[in-house]
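The file entry_20.txt comes next; it holds compact mmCIF, C-alpha atoms and all ligand atoms.
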```txt
# COMPACT_ATOMS: atom_id res chain seq x y z
CA MET Q 203 12.14 3.75 -30.56
CA THR Q 204 11.35 0.83 -32.87
CA THR Q 205 9.19 -1.69 -31.16
CA THR Q 206 6.92 -4.57 -31.86
CA PHE Q 207 4.88 -3.69 -28.77
CA ASN Q 208 1.27 -4.13 -29.84
CA THR Q 209 -1.53 -2.98 -27.56
CA LYS Q 210 -4.32 -2.65 -30.12
CA LYS Q 211 -6.98 -4.50 -28.11
CA SER Q 212 -6.06 -2.66 -24.91
CA GLU Q 213 -6.50 0.63 -26.74
CA GLU Q 214 -9.92 -0.37 -28.12
CA ILE Q 215 -11.19 -1.60 -24.76
CA PHE Q 216 -9.89 1.48 -22.93
CA ALA Q 217 -11.48 3.78 -25.54
CA ASP Q 218 -14.83 2.11 -24.79
CA ALA Q 219 -14.19 2.29 -21.02
CA LEU Q 220 -13.66 6.04 -21.28
CA LYS Q 221 -17.26 6.40 -22.46
CA LEU Q 222 -18.62 4.18 -19.69
CA MET Q 223 -16.68 5.09 -16.54
CA PRO Q 224 -15.05 8.34 -15.37
CA GLY Q 225 -11.51 8.27 -16.78
CA GLY Q 226 -12.16 4.72 -17.97
CA VAL Q 227 -11.17 3.18 -14.64
CA SER Q 228 -12.49 2.11 -11.25
CA SER Q 229 -9.57 3.73 -9.36
CA PRO Q 230 -7.58 6.78 -10.59
CA VAL Q 231 -3.92 5.68 -10.56
CA ARG Q 232 -4.75 2.87 -12.98
CA ALA Q 233 -5.32 5.44 -15.75
CA PHE Q 234 -1.55 6.09 -16.30
CA LYS Q 235 -2.13 9.87 -16.13
CA SER Q 236 1.22 10.53 -14.51
CA VAL Q 237 3.35 8.40 -16.84
CA GLY Q 238 1.60 9.16 -20.10
CA GLY Q 239 0.30 6.71 -22.66
CA GLN Q 240 -2.66 4.42 -22.11
CA PRO Q 241 -3.12 1.74 -19.51
CA ILE Q 242 -2.90 -1.86 -20.63
CA VAL Q 243 -5.97 -3.96 -20.04
CA PHE Q 244 -5.28 -7.18 -18.17
CA ASP Q 245 -6.59 -10.56 -19.20
CA ARG Q 246 -5.08 -12.89 -16.58
CA VAL Q 247 -2.42 -13.14 -13.90
CA GLN Q 248 -0.30 -16.01 -12.58
CA GLY Q 249 2.69 -16.08 -10.23
CA PRO Q 250 4.88 -13.05 -11.02
CA TYR Q 251 3.24 -12.56 -14.43
CA ILE Q 252 0.49 -10.55 -16.08
CA TRP Q 253 -0.88 -11.11 -19.56
CA ASP Q 254 -2.75 -8.30 -21.26
CA VAL Q 255 -5.63 -8.67 -23.74
CA ASP Q 256 -3.13 -8.53 -26.65
CA ASP Q 257 -1.29 -11.47 -25.03
CA ASN Q 258 1.82 -9.51 -24.06
CA GLN Q 259 3.46 -10.98 -20.96
CA TYR Q 260 4.91 -8.81 -18.19
CA ILE Q 261 6.82 -9.41 -14.98
CA ASP Q 262 4.65 -7.61 -12.43
CA TYR Q 263 5.91 -5.36 -9.61
CA VAL Q 264 2.51 -4.04 -8.57
CA GLY Q 265 0.91 -7.28 -7.39
CA THR Q 266 -2.58 -5.78 -7.48
CA TRP Q 267 -1.14 -3.04 -5.20
CA GLY Q 268 0.08 -5.46 -2.56
CA PRO Q 269 -2.23 -8.43 -1.98
CA ALA Q 270 -0.41 -10.78 -4.38
CA ILE Q 271 2.54 -11.34 -2.03
CA CYS Q 272 2.46 -15.13 -2.59
CA GLY Q 273 2.29 -14.60 -6.34
CA HIS Q 274 -0.87 -14.05 -8.36
CA ALA Q 275 -3.55 -16.75 -8.36
CA HIS Q 276 -1.56 -19.02 -6.06
CA PRO Q 277 -2.84 -22.58 -6.68
CA GLU Q 278 -3.50 -23.19 -2.97
CA VAL Q 279 -5.46 -19.94 -2.61
CA ILE Q 280 -7.49 -20.72 -5.72
CA ALA Q 281 -8.20 -24.28 -4.51
CA ALA Q 282 -9.30 -23.04 -1.09
CA LEU Q 283 -11.55 -20.45 -2.73
CA LYS Q 284 -13.14 -23.04 -5.01
CA ALA Q 285 -13.99 -25.21 -2.00
CA ALA Q 286 -15.37 -22.22 -0.07
CA LEU Q 287 -17.41 -21.08 -3.07
CA GLU Q 288 -19.34 -24.36 -3.04
CA LYS Q 289 -20.72 -23.38 0.38
CA GLY Q 290 -21.91 -19.97 -0.78
CA THR Q 291 -20.48 -16.48 -1.16
CA SER Q 292 -21.85 -14.59 1.82
CA PHE Q 293 -23.70 -15.44 5.02
CA GLY Q 294 -24.35 -12.08 6.68
CA ALA Q 295 -24.05 -14.08 9.91
CA PRO Q 296 -21.20 -15.40 12.03
CA CYS Q 297 -18.90 -17.90 10.36
CA VAL Q 298 -16.02 -19.84 11.90
CA LEU Q 299 -13.57 -18.58 9.26
CA GLU Q 300 -13.74 -15.14 10.91
CA ASN Q 301 -12.42 -16.66 14.14
CA VAL Q 302 -9.62 -18.39 12.25
CA LEU Q 303 -8.41 -15.23 10.50
CA ALA Q 304 -8.92 -13.10 13.62
CA GLU Q 305 -6.76 -15.48 15.63
CA MET Q 306 -4.04 -15.40 12.98
CA VAL Q 307 -4.06 -11.59 12.94
CA ILE Q 308 -4.04 -11.32 16.74
CA ASP Q 309 -1.15 -13.80 16.99
CA ALA Q 310 0.87 -11.97 14.36
CA VAL Q 311 0.42 -8.24 14.96
CA PRO Q 312 1.87 -7.05 18.30
CA CYS Q 313 -0.72 -4.36 19.13
CA ILE Q 314 -3.83 -6.28 18.08
CA GLU Q 315 -5.78 -7.94 20.90
CA MET Q 316 -9.16 -7.74 19.13
CA VAL Q 317 -10.04 -7.11 15.52
CA ARG Q 318 -13.03 -6.03 13.37
CA PHE Q 319 -13.16 -7.04 9.69
CA VAL Q 320 -14.39 -4.60 7.03
CA ASN Q 321 -14.23 -4.55 3.24
CA SER Q 322 -11.41 -2.18 2.32
CA GLY Q 323 -8.49 -0.22 3.71
CA THR Q 324 -10.50 2.97 3.30
CA GLU Q 325 -13.27 1.58 5.47
CA ALA Q 326 -10.78 0.38 8.09
CA CYS Q 327 -9.16 3.83 8.33
CA MET Q 328 -12.41 5.79 8.53
CA SER Q 329 -13.71 3.41 11.19
CA VAL Q 330 -10.57 3.50 13.29
CA LEU Q 331 -10.62 7.30 13.24
CA ARG Q 332 -14.17 7.28 14.60
CA LEU Q 333 -12.99 4.88 17.29
CA MET Q 334 -10.00 7.07 18.21
CA ARG Q 335 -12.34 10.05 18.60
CA ALA Q 336 -14.89 8.03 20.55
CA PHE Q 337 -12.29 6.65 22.95
CA THR Q 338 -10.48 9.92 23.67
CA GLY Q 339 -13.45 12.29 23.41
CA ARG Q 340 -11.22 14.49 21.24
CA GLU Q 341 -11.69 15.48 17.60
CA LYS Q 342 -8.37 16.52 16.11
CA ILE Q 343 -5.94 14.13 14.46
CA ILE Q 344 -2.44 14.48 13.12
CA LYS Q 345 -1.58 12.94 9.76
CA PHE Q 346 1.52 13.30 7.61
CA GLU Q 347 1.96 14.96 4.23
CA GLY Q 348 2.05 12.31 1.52
CA CYS Q 349 0.50 9.55 3.64
CA TYR Q 350 -2.63 7.96 2.21
CA HIS Q 351 -5.29 6.47 4.43
CA GLY Q 352 -8.03 5.81 1.90
CA HIS Q 353 -10.42 8.31 0.40
CA ALA Q 354 -12.67 9.21 3.35
CA ASP Q 355 -13.21 13.00 3.63
CA MET Q 356 -11.11 13.66 6.71
CA PHE Q 357 -8.03 12.04 5.17
CA LEU Q 358 -8.07 13.87 1.85
CA VAL Q 359 -5.54 16.41 3.01
CA LYS Q 360 -2.04 16.09 1.56
CA ALA Q 361 -2.87 12.50 0.77
CA GLY Q 362 -0.09 11.21 -1.46
CA SER Q 363 -0.03 9.16 -4.63
CA GLY Q 364 -3.49 9.08 -6.18
CA VAL Q 365 -4.25 12.67 -5.35
CA ALA Q 366 -0.68 13.82 -6.03
CA THR Q 367 -0.74 12.12 -9.37
CA LEU Q 368 -3.77 14.13 -10.43
CA GLY Q 369 -2.23 17.32 -9.10
CA LEU Q 370 -5.15 17.92 -6.73
CA PRO Q 371 -3.98 19.21 -3.36
CA ASP Q 372 -7.38 18.31 -1.92
CA SER Q 373 -10.61 17.16 -3.46
CA PRO Q 374 -13.65 19.31 -4.18
CA GLY Q 375 -16.66 17.94 -2.35
CA VAL Q 376 -14.82 17.54 0.93
CA PRO Q 377 -16.46 19.92 3.44
CA LYS Q 378 -14.02 22.22 5.20
CA SER Q 379 -15.62 21.22 8.48
CA THR Q 380 -14.39 17.63 8.08
CA THR Q 381 -10.78 18.59 7.45
CA THR Q 382 -10.33 21.46 9.88
CA SER Q 383 -9.69 18.87 12.55
CA THR Q 384 -7.06 17.13 10.39
CA LEU Q 385 -3.67 18.61 11.26
CA THR Q 386 -0.69 17.75 9.05
CA ALA Q 387 3.05 17.56 9.57
CA PRO Q 388 5.94 16.60 7.28
CA TYR Q 389 6.87 12.91 7.58
CA ASN Q 390 9.91 12.20 9.75
CA ASP Q 391 9.55 15.60 11.47
CA LEU Q 392 9.08 14.99 15.21
CA GLU Q 393 9.51 18.68 16.07
CA ALA Q 394 6.53 19.58 13.86
CA VAL Q 395 4.42 16.98 15.65
CA LYS Q 396 5.52 18.26 19.03
CA ALA Q 397 4.56 21.80 18.01
CA LEU Q 398 1.06 20.64 16.99
CA PHE Q 399 0.59 18.95 20.35
CA GLN Q 400 1.74 22.09 22.15
CA GLN Q 401 -0.63 24.29 20.12
CA ASN Q 402 -3.59 21.93 20.64
CA PRO Q 403 -3.27 20.55 24.16
CA ASP Q 404 -6.05 18.09 25.16
CA GLU Q 405 -7.58 18.29 21.67
CA ILE Q 406 -5.70 15.66 19.67
CA ALA Q 407 -7.25 12.19 19.56
CA GLY Q 408 -4.23 10.65 17.97
CA VAL Q 409 -1.54 10.38 15.34
CA ILE Q 410 -2.13 8.33 12.20
CA LEU Q 411 0.66 7.30 9.87
CA GLU Q 412 2.08 4.82 7.43
CA PRO Q 413 4.96 3.41 9.52
CA VAL Q 414 6.82 2.98 6.24
CA VAL Q 415 5.39 5.27 3.56
CA GLY Q 416 4.37 3.65 0.31
CA ASN Q 417 1.97 6.26 -1.00
CA SER Q 418 4.39 9.02 -1.93
CA GLY Q 419 6.91 6.52 -3.16
CA PHE Q 420 8.83 4.37 -0.70
CA ILE Q 421 9.98 6.39 2.36
CA PRO Q 422 11.21 4.57 5.47
CA PRO Q 423 11.02 6.16 8.93
CA ASP Q 424 14.20 7.85 10.16
CA ALA Q 425 15.83 6.27 13.22
CA GLY Q 426 13.88 7.34 16.30
CA PHE Q 427 10.83 8.71 14.45
CA LEU Q 428 8.38 5.94 15.36
CA GLU Q 429 9.77 5.75 18.91
CA GLY Q 430 9.40 9.54 19.22
CA LEU Q 431 5.76 9.41 18.14
CA ARG Q 432 5.11 6.67 20.67
CA LEU Q 433 6.47 8.85 23.47
CA LEU Q 434 4.76 12.05 22.34
CA THR Q 435 1.33 10.43 22.04
CA GLN Q 436 1.70 8.92 25.50
CA GLU Q 437 2.80 12.23 26.95
CA TYR Q 438 -0.26 14.05 25.53
CA GLY Q 439 -2.84 11.32 26.23
CA ALA Q 440 -3.36 10.65 22.52
CA LEU Q 441 -3.49 7.36 20.59
CA LEU Q 442 -0.96 6.11 18.07
CA MET Q 443 -2.41 4.42 14.97
CA PHE Q 444 -0.23 2.61 12.41
CA ASP Q 445 -1.94 2.31 9.05
CA GLU Q 446 -0.46 -1.03 8.00
CA VAL Q 447 -2.85 -1.59 5.11
CA MET Q 448 0.24 -1.75 2.88
CA THR Q 449 3.00 -2.83 5.29
CA GLY Q 450 1.03 -5.42 7.28
CA PHE Q 451 2.27 -8.95 6.52
CA ARG Q 452 4.50 -7.39 3.84
CA ILE Q 453 7.59 -5.96 5.51
CA ALA Q 454 7.40 -8.61 8.24
CA TYR Q 455 4.73 -11.12 9.26
CA GLY Q 456 3.81 -8.80 12.14
CA GLY Q 457 4.16 -5.69 9.98
CA ALA Q 458 6.20 -2.54 10.64
CA GLN Q 459 5.44 -2.71 14.37
CA GLU Q 460 7.25 -6.04 14.56
CA LYS Q 461 10.06 -4.88 12.27
CA PHE Q 462 10.74 -1.66 14.20
CA GLY Q 463 9.72 -2.84 17.67
CA VAL Q 464 7.31 0.06 18.26
CA THR Q 465 3.81 -0.94 19.34
CA PRO Q 466 0.96 1.45 18.50
CA ASP Q 467 -2.46 1.42 20.20
CA LEU Q 468 -4.36 0.64 17.02
CA THR Q 469 -3.64 -0.70 13.55
CA THR Q 470 -5.43 -0.91 10.23
CA LEU Q 471 -4.86 -3.75 7.79
CA GLY Q 472 -6.00 -4.56 4.26
CA LYS Q 473 -4.42 -5.67 1.00
CA VAL Q 474 -2.42 -8.82 2.02
CA ILE Q 475 -4.95 -10.04 4.60
CA GLY Q 476 -7.57 -10.30 1.85
CA GLY Q 477 -5.33 -12.43 -0.39
CA GLY Q 478 -6.74 -10.58 -3.41
CA LEU Q 479 -10.34 -10.30 -2.25
CA PRO Q 480 -11.83 -7.13 -0.73
CA VAL Q 481 -10.89 -7.06 2.98
CA GLY Q 482 -9.81 -4.51 5.52
CA ALA Q 483 -9.51 -4.72 9.28
CA TYR Q 484 -8.85 -2.57 12.30
CA GLY Q 485 -7.71 -3.75 15.66
CA GLY Q 486 -5.70 -2.94 18.73
CA ARG Q 487 -5.90 -2.76 22.49
CA ALA Q 488 -8.87 -4.68 23.87
CA ASP Q 489 -10.00 -1.76 26.07
CA ILE Q 490 -10.28 0.45 22.98
CA MET Q 491 -11.79 -2.20 20.70
CA SER Q 492 -14.44 -2.93 23.33
CA MET Q 493 -16.01 0.41 22.39
CA VAL Q 494 -16.99 -0.96 18.97
CA ALA Q 495 -20.68 -1.94 18.53
CA PRO Q 496 -22.28 -4.14 19.65
CA ALA Q 497 -19.81 -4.56 22.54
CA GLY Q 498 -19.80 -0.78 22.95
CA PRO Q 499 -21.43 2.41 21.64
CA MET Q 500 -19.25 3.26 18.63
CA TYR Q 501 -21.29 2.24 15.60
CA GLN Q 502 -19.76 0.49 12.60
CA ALA Q 503 -21.25 -2.29 10.46
CA GLY Q 504 -21.00 -4.09 7.10
CA THR Q 505 -23.28 -6.33 5.02
CA LEU Q 506 -20.42 -8.28 3.42
CA SER Q 507 -17.90 -7.89 6.23
CA GLY Q 508 -16.19 -11.15 7.23
CA ASN Q 509 -17.64 -12.97 4.25
CA PRO Q 510 -16.39 -16.55 3.80
CA LEU Q 511 -14.61 -16.04 0.48
CA ALA Q 512 -12.54 -13.09 1.65
CA MET Q 513 -11.74 -14.83 4.95
CA THR Q 514 -10.64 -17.96 3.06
CA ALA Q 515 -8.29 -16.09 0.73
CA GLY Q 516 -6.82 -14.25 3.70
CA ILE Q 517 -6.34 -17.38 5.81
CA LYS Q 518 -4.62 -19.30 3.01
CA THR Q 519 -2.38 -16.34 2.15
CA LEU Q 520 -1.25 -15.93 5.76
CA GLU Q 521 -0.63 -19.69 6.03
CA LEU Q 522 1.66 -19.51 3.00
CA LEU Q 523 3.50 -16.51 4.46
CA ASN Q 524 3.91 -17.92 7.97
CA LYS Q 525 6.69 -20.33 7.07
CA PRO Q 526 10.35 -20.13 8.03
CA GLY Q 527 12.48 -18.17 5.59
CA THR Q 528 9.64 -16.37 3.79
CA TYR Q 529 10.66 -12.85 4.72
CA ASP Q 530 14.39 -13.57 4.36
CA TYR Q 531 13.69 -14.66 0.81
CA LEU Q 532 11.56 -11.58 0.06
CA GLU Q 533 14.24 -9.35 1.59
CA LYS Q 534 16.97 -10.94 -0.51
CA ILE Q 535 15.33 -10.70 -3.93
CA THR Q 536 13.91 -7.24 -3.32
CA LYS Q 537 17.25 -5.85 -2.16
CA LYS Q 538 18.89 -7.36 -5.22
CA LEU Q 539 16.38 -5.51 -7.40
CA SER Q 540 16.67 -2.23 -5.53
CA ASP Q 541 20.49 -2.28 -5.35
CA GLY Q 542 20.63 -3.28 -9.01
CA LEU Q 543 18.42 -0.40 -10.14
CA LEU Q 544 20.52 2.12 -8.22
CA ALA Q 545 23.78 0.72 -9.62
CA ILE Q 546 22.45 0.84 -13.17
CA ALA Q 547 21.21 4.41 -12.73
CA LYS Q 548 24.70 5.38 -11.59
CA GLU Q 549 26.41 3.60 -14.48
CA THR Q 550 24.11 5.24 -17.01
CA GLY Q 551 24.48 8.71 -15.48
CA HIS Q 552 21.10 9.26 -13.81
CA GLU Q 553 20.61 10.77 -10.37
CA ALA Q 554 18.60 8.30 -8.33
CA CYS Q 555 17.92 7.11 -4.81
CA GLY Q 556 15.79 4.43 -3.22
CA GLY Q 557 15.76 1.35 -1.08
CA SER Q 558 13.75 -1.62 0.10
CA ILE Q 559 12.44 -3.34 3.20
CA SER Q 560 11.41 -6.93 2.73
CA ALA Q 561 8.95 -7.15 -0.18
CA MET Q 562 8.50 -3.40 -0.65
CA PHE Q 563 10.84 -1.12 -2.60
CA GLY Q 564 11.10 2.31 -4.13
CA PHE Q 565 13.16 4.28 -6.54
CA PHE Q 566 13.21 8.04 -7.25
CA PHE Q 567 14.90 9.95 -10.08
CA THR Q 568 16.47 12.46 -7.69
CA ALA Q 569 19.81 12.40 -5.87
CA GLY Q 570 17.93 12.32 -2.57
CA PRO Q 571 17.90 11.51 0.20
CA VAL Q 572 14.09 11.38 0.42
CA HIS Q 573 12.79 11.82 3.97
CA ASN Q 574 9.35 13.20 3.16
CA TYR Q 575 6.89 14.10 0.43
CA GLU Q 576 8.59 17.44 -0.39
CA ASP Q 577 11.82 15.54 -1.09
CA ALA Q 578 9.94 12.96 -3.17
CA LYS Q 579 8.49 15.72 -5.34
CA LYS Q 580 12.00 16.69 -6.48
CA SER Q 581 12.03 13.52 -8.56
CA ASP Q 582 12.21 13.94 -12.36
CA LEU Q 583 8.66 12.89 -13.22
CA ASN Q 584 9.14 13.25 -16.95
CA LYS Q 585 12.11 10.90 -16.82
CA PHE Q 586 10.15 8.45 -14.69
CA GLY Q 587 7.36 8.49 -17.30
CA ARG Q 588 9.82 7.61 -20.07
CA PHE Q 589 11.45 4.94 -17.89
CA HIS Q 590 8.05 3.46 -17.10
CA ARG Q 591 7.10 3.35 -20.77
CA GLY Q 592 10.41 1.77 -21.78
CA MET Q 593 10.05 -0.94 -19.14
CA LEU Q 594 6.41 -1.59 -20.08
CA GLU Q 595 7.26 -2.00 -23.77
CA ARG Q 596 9.90 -4.59 -22.83
CA GLY Q 597 7.64 -6.60 -20.52
CA ILE Q 598 8.14 -5.10 -17.07
CA TYR Q 599 5.04 -3.76 -15.31
CA LEU Q 600 5.87 -1.08 -12.73
CA ALA Q 601 3.39 1.06 -10.80
CA PRO Q 602 2.32 3.84 -13.18
CA SER Q 603 3.40 6.67 -10.88
CA GLN Q 604 6.66 7.87 -9.34
CA PHE Q 605 4.75 8.22 -6.06
CA GLU Q 606 4.04 4.54 -5.52
CA ALA Q 607 6.10 1.83 -3.87
CA GLY Q 608 6.90 -1.36 -5.77
CA PHE Q 609 6.10 -4.87 -4.60
CA THR Q 610 7.74 -8.25 -5.05
CA SER Q 611 6.31 -11.67 -4.20
CA LEU Q 612 7.33 -15.21 -3.32
CA ALA Q 613 6.83 -16.05 -7.01
CA HIS Q 614 9.61 -13.67 -8.11
CA THR Q 615 12.90 -15.56 -8.55
CA GLU Q 616 16.49 -14.38 -8.96
CA GLU Q 617 16.02 -14.99 -12.70
CA HIS Q 618 13.07 -12.59 -12.84
CA ILE Q 619 15.13 -9.97 -11.04
CA ASP Q 620 18.11 -10.50 -13.38
CA ARG Q 621 15.88 -10.16 -16.41
CA THR Q 622 14.30 -7.01 -14.98
CA LEU Q 623 17.71 -5.44 -14.33
CA GLU Q 624 18.95 -6.33 -17.82
CA ILE Q 625 15.94 -4.52 -19.29
CA ALA Q 626 16.35 -1.58 -16.90
CA ARG Q 627 19.93 -1.23 -18.16
CA GLN Q 628 18.74 -1.03 -21.78
CA VAL Q 629 16.03 1.50 -20.92
CA MET Q 630 18.17 3.74 -18.71
CA ALA Q 631 20.93 3.82 -21.32
CA GLN Q 632 18.44 5.37 -23.73
CA LEU Q 633 16.72 7.83 -21.41
C1 LIG B 1 -4.23 1.09 -0.06
C2 LIG B 1 -4.16 1.83 1.19
C3 LIG B 1 -5.32 2.27 1.85
C4 LIG B 1 -6.69 2.15 1.25
O1 LIG B 1 -7.09 0.82 1.05
P1 LIG B 1 -8.25 0.48 0.00
O2 LIG B 1 -8.47 -0.99 0.18
O3 LIG B 1 -7.71 0.87 -1.35
O4 LIG B 1 -9.43 1.29 0.36
C5 LIG B 1 -5.19 2.87 3.09
N1 LIG B 1 -3.99 3.04 3.64
C6 LIG B 1 -2.85 2.63 3.05
C7 LIG B 1 -1.54 2.81 3.73
C8 LIG B 1 -2.90 2.04 1.79
O5 LIG B 1 -1.76 1.68 1.18
```
Just dump the structure as structure tokens.
Ligand SMILES: *Cc1c(COP(=O)(O)O)cnc(C)c1O
Amino acid sequence: MTTTFNTKKSEEIFADALKLMPGGVSSPVRAFKSVGGQPIVFDRVQGPYIWDVDDNQYIDYVGTWGPAICGHAHPEVIAALKAALEKGTSFGAPCVLENVLAEMVIDAVPCIEMVRFVNSGTEACMSVLRLMRAFTGREKIIKFEGCYHGHADMFLVKAGSGVATLGLPDSPGVPKSTTTSTLTAPYNDLEAVKALFQQNPDEIAGVILEPVVGNSGFIPPDAGFLEGLRLLTQEYGALLMFDEVMTGFRIAYGGAQEKFGVTPDLTTLGKVIGGGLPVGAYGGRADIMSMVAPAGPMYQAGTLSGNPLAMTAGIKTLELLNKPGTYDYLEKITKKLSDGLLAIAKETGHEACGGSISAMFGFFFTAGPVHNYEDAKKSDLNKFGRFHRGMLERGIYLAPSQFEAGFTSLAHTEEHIDRTLEIARQVMAQL
């Protein structure tokens, strides 16, 4: 392929990074291992765009893995952050901004009556698991194959994208004792969950899942799946926990639980609620949350938790999202992109399947349908790698793995989608 795509500076910087940091990155998927080639090194972001250090411009469908739902570096978020910065970066003491964001989260997310802020989705998930165990006095949990809940030991079992991308079924260094109480079932398989409850009566603290999967590609729940989990957990005295770190404030203002009308006991949040700064949160029923220290005995703490900068970015981002029409707009442009990609794949003779919900979409090079991680793995990864490269060289930045969802933002217009589809047509025709 003849191309004027020049990434000389990116290559130099990444070569240096490889000597300084494991794999040259601070988080594995960024290294492009599963699509081949080298990662581009970013210089700046704005709206729907990224510029790399060689000054190539891209339309971005990763959005820093979700937080940039209002568009990168939104002027109102940046202005609010500048004002907050003048007052200092961290207090390590109560600040009124925590109340403001907490109130917004409690108003928005159906199951959340009280909330605790932390610094990442990983931290939120490991803390909520401790809470589920503390509240029920039970140790076992059920998670689903291909769902990712951060990198804490007990979740590194069949954990989706990052781990899948590296071909590691589990990670060395995780003690067997921490994962023997992690039971797994295929996503969308209620019978498998029922069987686990029957085999482990009175031992299961709860079920943890991505209510719409984004970490083994985009996989929506089958009709009745979330409702079925709600009933089963109630029947066996276990808790239901939706990990909405990705879906929260993305597929609806109130997340998947609003969209699907199924209310879990507990929820984790992250990504969007930090507006691009490091934030996570867990919350839920007040009787359960009252067990968290210092109100109750379950210990969990954080030096930088609830810091004023992160709270400010989150508050401003939610303000921008909580306006009439926001999610209709996101739904419309994302569906246009998703439908367009599938139509082009068909025209150019490629087997493909996929879909979208609001500002989240996915696309697999397999005829489908994809109901779980095993189905997702039938995708033609080599073809995806070549597709990814072709799009990148023509200015479209997609997640560098077949096992990741894609994200749009309020800054993406119909014109950006049209341009993206035009380029996808060129690339698919040559695959
Ligand atoms: C990203 C993600 C996490 C982990 O969040 P970090 O902030 O990267 O630690 C957990 N669960 C889900 C569903 C995620 O998408």
Within 8 Å of Q:His276, counting only C-alpha atoms, which residues qualify if same-chain residues fewer than 4 places away don't, as a ChimeraX atom specification?
/Q:248-249,272,280
Collect all residues with atoms no farther than 6 Å from ligand LIG 1 (chain B), counting all atoms listed in the file, and output them as an MDAnalysis selection string.
chainID Q and resid 322:324 350:352 412 445:448 472
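Coordinates place atom CA of Q:Met356 at a distance of 20.0 Å from atom CA of Q:Thr435.
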Just need the box for stretch 387-406 of chain Q, edges along x, y and z, holding every atom the file lists for it with 5 Å tacked onto each side, so centre and edge lengths in Å to one decimal, as AutoDock Vina command-line options.
```
--center_x 1.2 --center_y 18.2 --center_z 16.2 --size_x 27.5 --size_y 22.1 --size_z 27.9
```
Just want the 8 Å neighbourhood of stretch 504-518 of chain Q, counted on all atoms listed in the file, with same-chain residues fewer than 5 positions away dropped. Output as a ChimeraX atom specification.
/Q:278-280,282-283,286-287,290-294,297,299-300,302-303,306,319-321,474-481
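Interatomic distance, atom CA of Q:Leu358 to atom CA of Q:Met493: 25.8 Å.
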Within 9 Å of Q:His590 using all atoms listed in the file, minus same-chain residues under 3 positions, as a PDB file with C-alpha atoms, in the coordinates of the input:
```pdb
ATOM      1  CA  VAL Q 237       3.350   8.400 -16.840  1.00  0.00           C
ATOM      2  CA  LYS Q 585      12.110  10.900 -16.820  1.00  0.00           C
ATOM      3  CA  PHE Q 586      10.150   8.450 -14.690  1.00  0.00           C
ATOM      4  CA  GLY Q 587       7.360   8.490 -17.300  1.00  0.00           C
ATOM      5  CA  MET Q 593      10.050  -0.940 -19.140  1.00  0.00           C
ATOM      6  CA  LEU Q 594       6.410  -1.590 -20.080  1.00  0.00           C
ATOM      7  CA  GLU Q 595       7.260  -2.000 -23.770  1.00  0.00           C
ATOM      8  CA  ILE Q 598       8.140  -5.100 -17.070  1.00  0.00           C
ATOM      9  CA  TYR Q 599       5.040  -3.760 -15.310  1.00  0.00           C
ATOM     10  CA  LEU Q 600       5.870  -1.080 -12.730  1.00  0.00           C
ATOM     11  CA  ALA Q 601       3.390   1.060 -10.800  1.00  0.00           C
ATOM     12  CA  PRO Q 602       2.320   3.840 -13.180  1.00  0.00           C
ATOM     13  CA  SER Q 603       3.400   6.670 -10.880  1.00  0.00           C
TER      14      SER Q 603
END
```
With all atoms listed in the file as the basis for distance, which of Q:Ala458, Q:Ile625, Q:Val415, Q:Ala361 is at the shortest distance from Q:Gly564?
Q:Val415
So which one's closest to Q:Asp257, Q:Gly273, Q:Leu222, Q:Lys210, Q:Ile344? Using all atoms listed in the file, please.
Q:Lys210
List the residues sitting within 9 Å of (6.0, -0.6, -4.5) in the file's frame, using only C-alpha atoms, as a PDB file with C-alpha atoms, keeping the file's coordinate frame.
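New file out-v7.pdb:
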```pdb
ATOM      1  CA  TYR Q 263       5.910  -5.360  -9.610  1.00  0.00           C
ATOM      2  CA  VAL Q 264       2.510  -4.040  -8.570  1.00  0.00           C
ATOM      3  CA  GLY Q 265       0.910  -7.280  -7.390  1.00  0.00           C
ATOM      4  CA  TRP Q 267      -1.140  -3.040  -5.200  1.00  0.00           C
ATOM      5  CA  GLY Q 268       0.080  -5.460  -2.560  1.00  0.00           C
ATOM      6  CA  GLY Q 416       4.370   3.650   0.310  1.00  0.00           C
ATOM      7  CA  ASN Q 417       1.970   6.260  -1.000  1.00  0.00           C
ATOM      8  CA  GLY Q 419       6.910   6.520  -3.160  1.00  0.00           C
ATOM      9  CA  PHE Q 420       8.830   4.370  -0.700  1.00  0.00           C
ATOM     10  CA  ALA Q 561       8.950  -7.150  -0.180  1.00  0.00           C
ATOM     11  CA  MET Q 562       8.500  -3.400  -0.650  1.00  0.00           C
ATOM     12  CA  PHE Q 563      10.840  -1.120  -2.600  1.00  0.00           C
ATOM     13  CA  GLY Q 564      11.100   2.310  -4.130  1.00  0.00           C
ATOM     14  CA  PHE Q 565      13.160   4.280  -6.540  1.00  0.00           C
ATOM     15  CA  LEU Q 600       5.870  -1.080 -12.730  1.00  0.00           C
ATOM     16  CA  ALA Q 601       3.390   1.060 -10.800  1.00  0.00           C
ATOM     17  CA  GLU Q 606       4.040   4.540  -5.520  1.00  0.00           C
ATOM     18  CA  ALA Q 607       6.100   1.830  -3.870  1.00  0.00           C
ATOM     19  CA  GLY Q 608       6.900  -1.360  -5.770  1.00  0.00           C
ATOM     20  CA  PHE Q 609       6.100  -4.870  -4.600  1.00  0.00           C
ATOM     21  CA  THR Q 610       7.740  -8.250  -5.050  1.00  0.00           C
TER      22      THR Q 610
END
```
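Using only C-alpha atoms for every distance, the candidate list Q:Glu347, Q:Glu616, Q:Asp245, Q:Asp262 yields Q:Glu347 as the residue closest to Q:Glu576.
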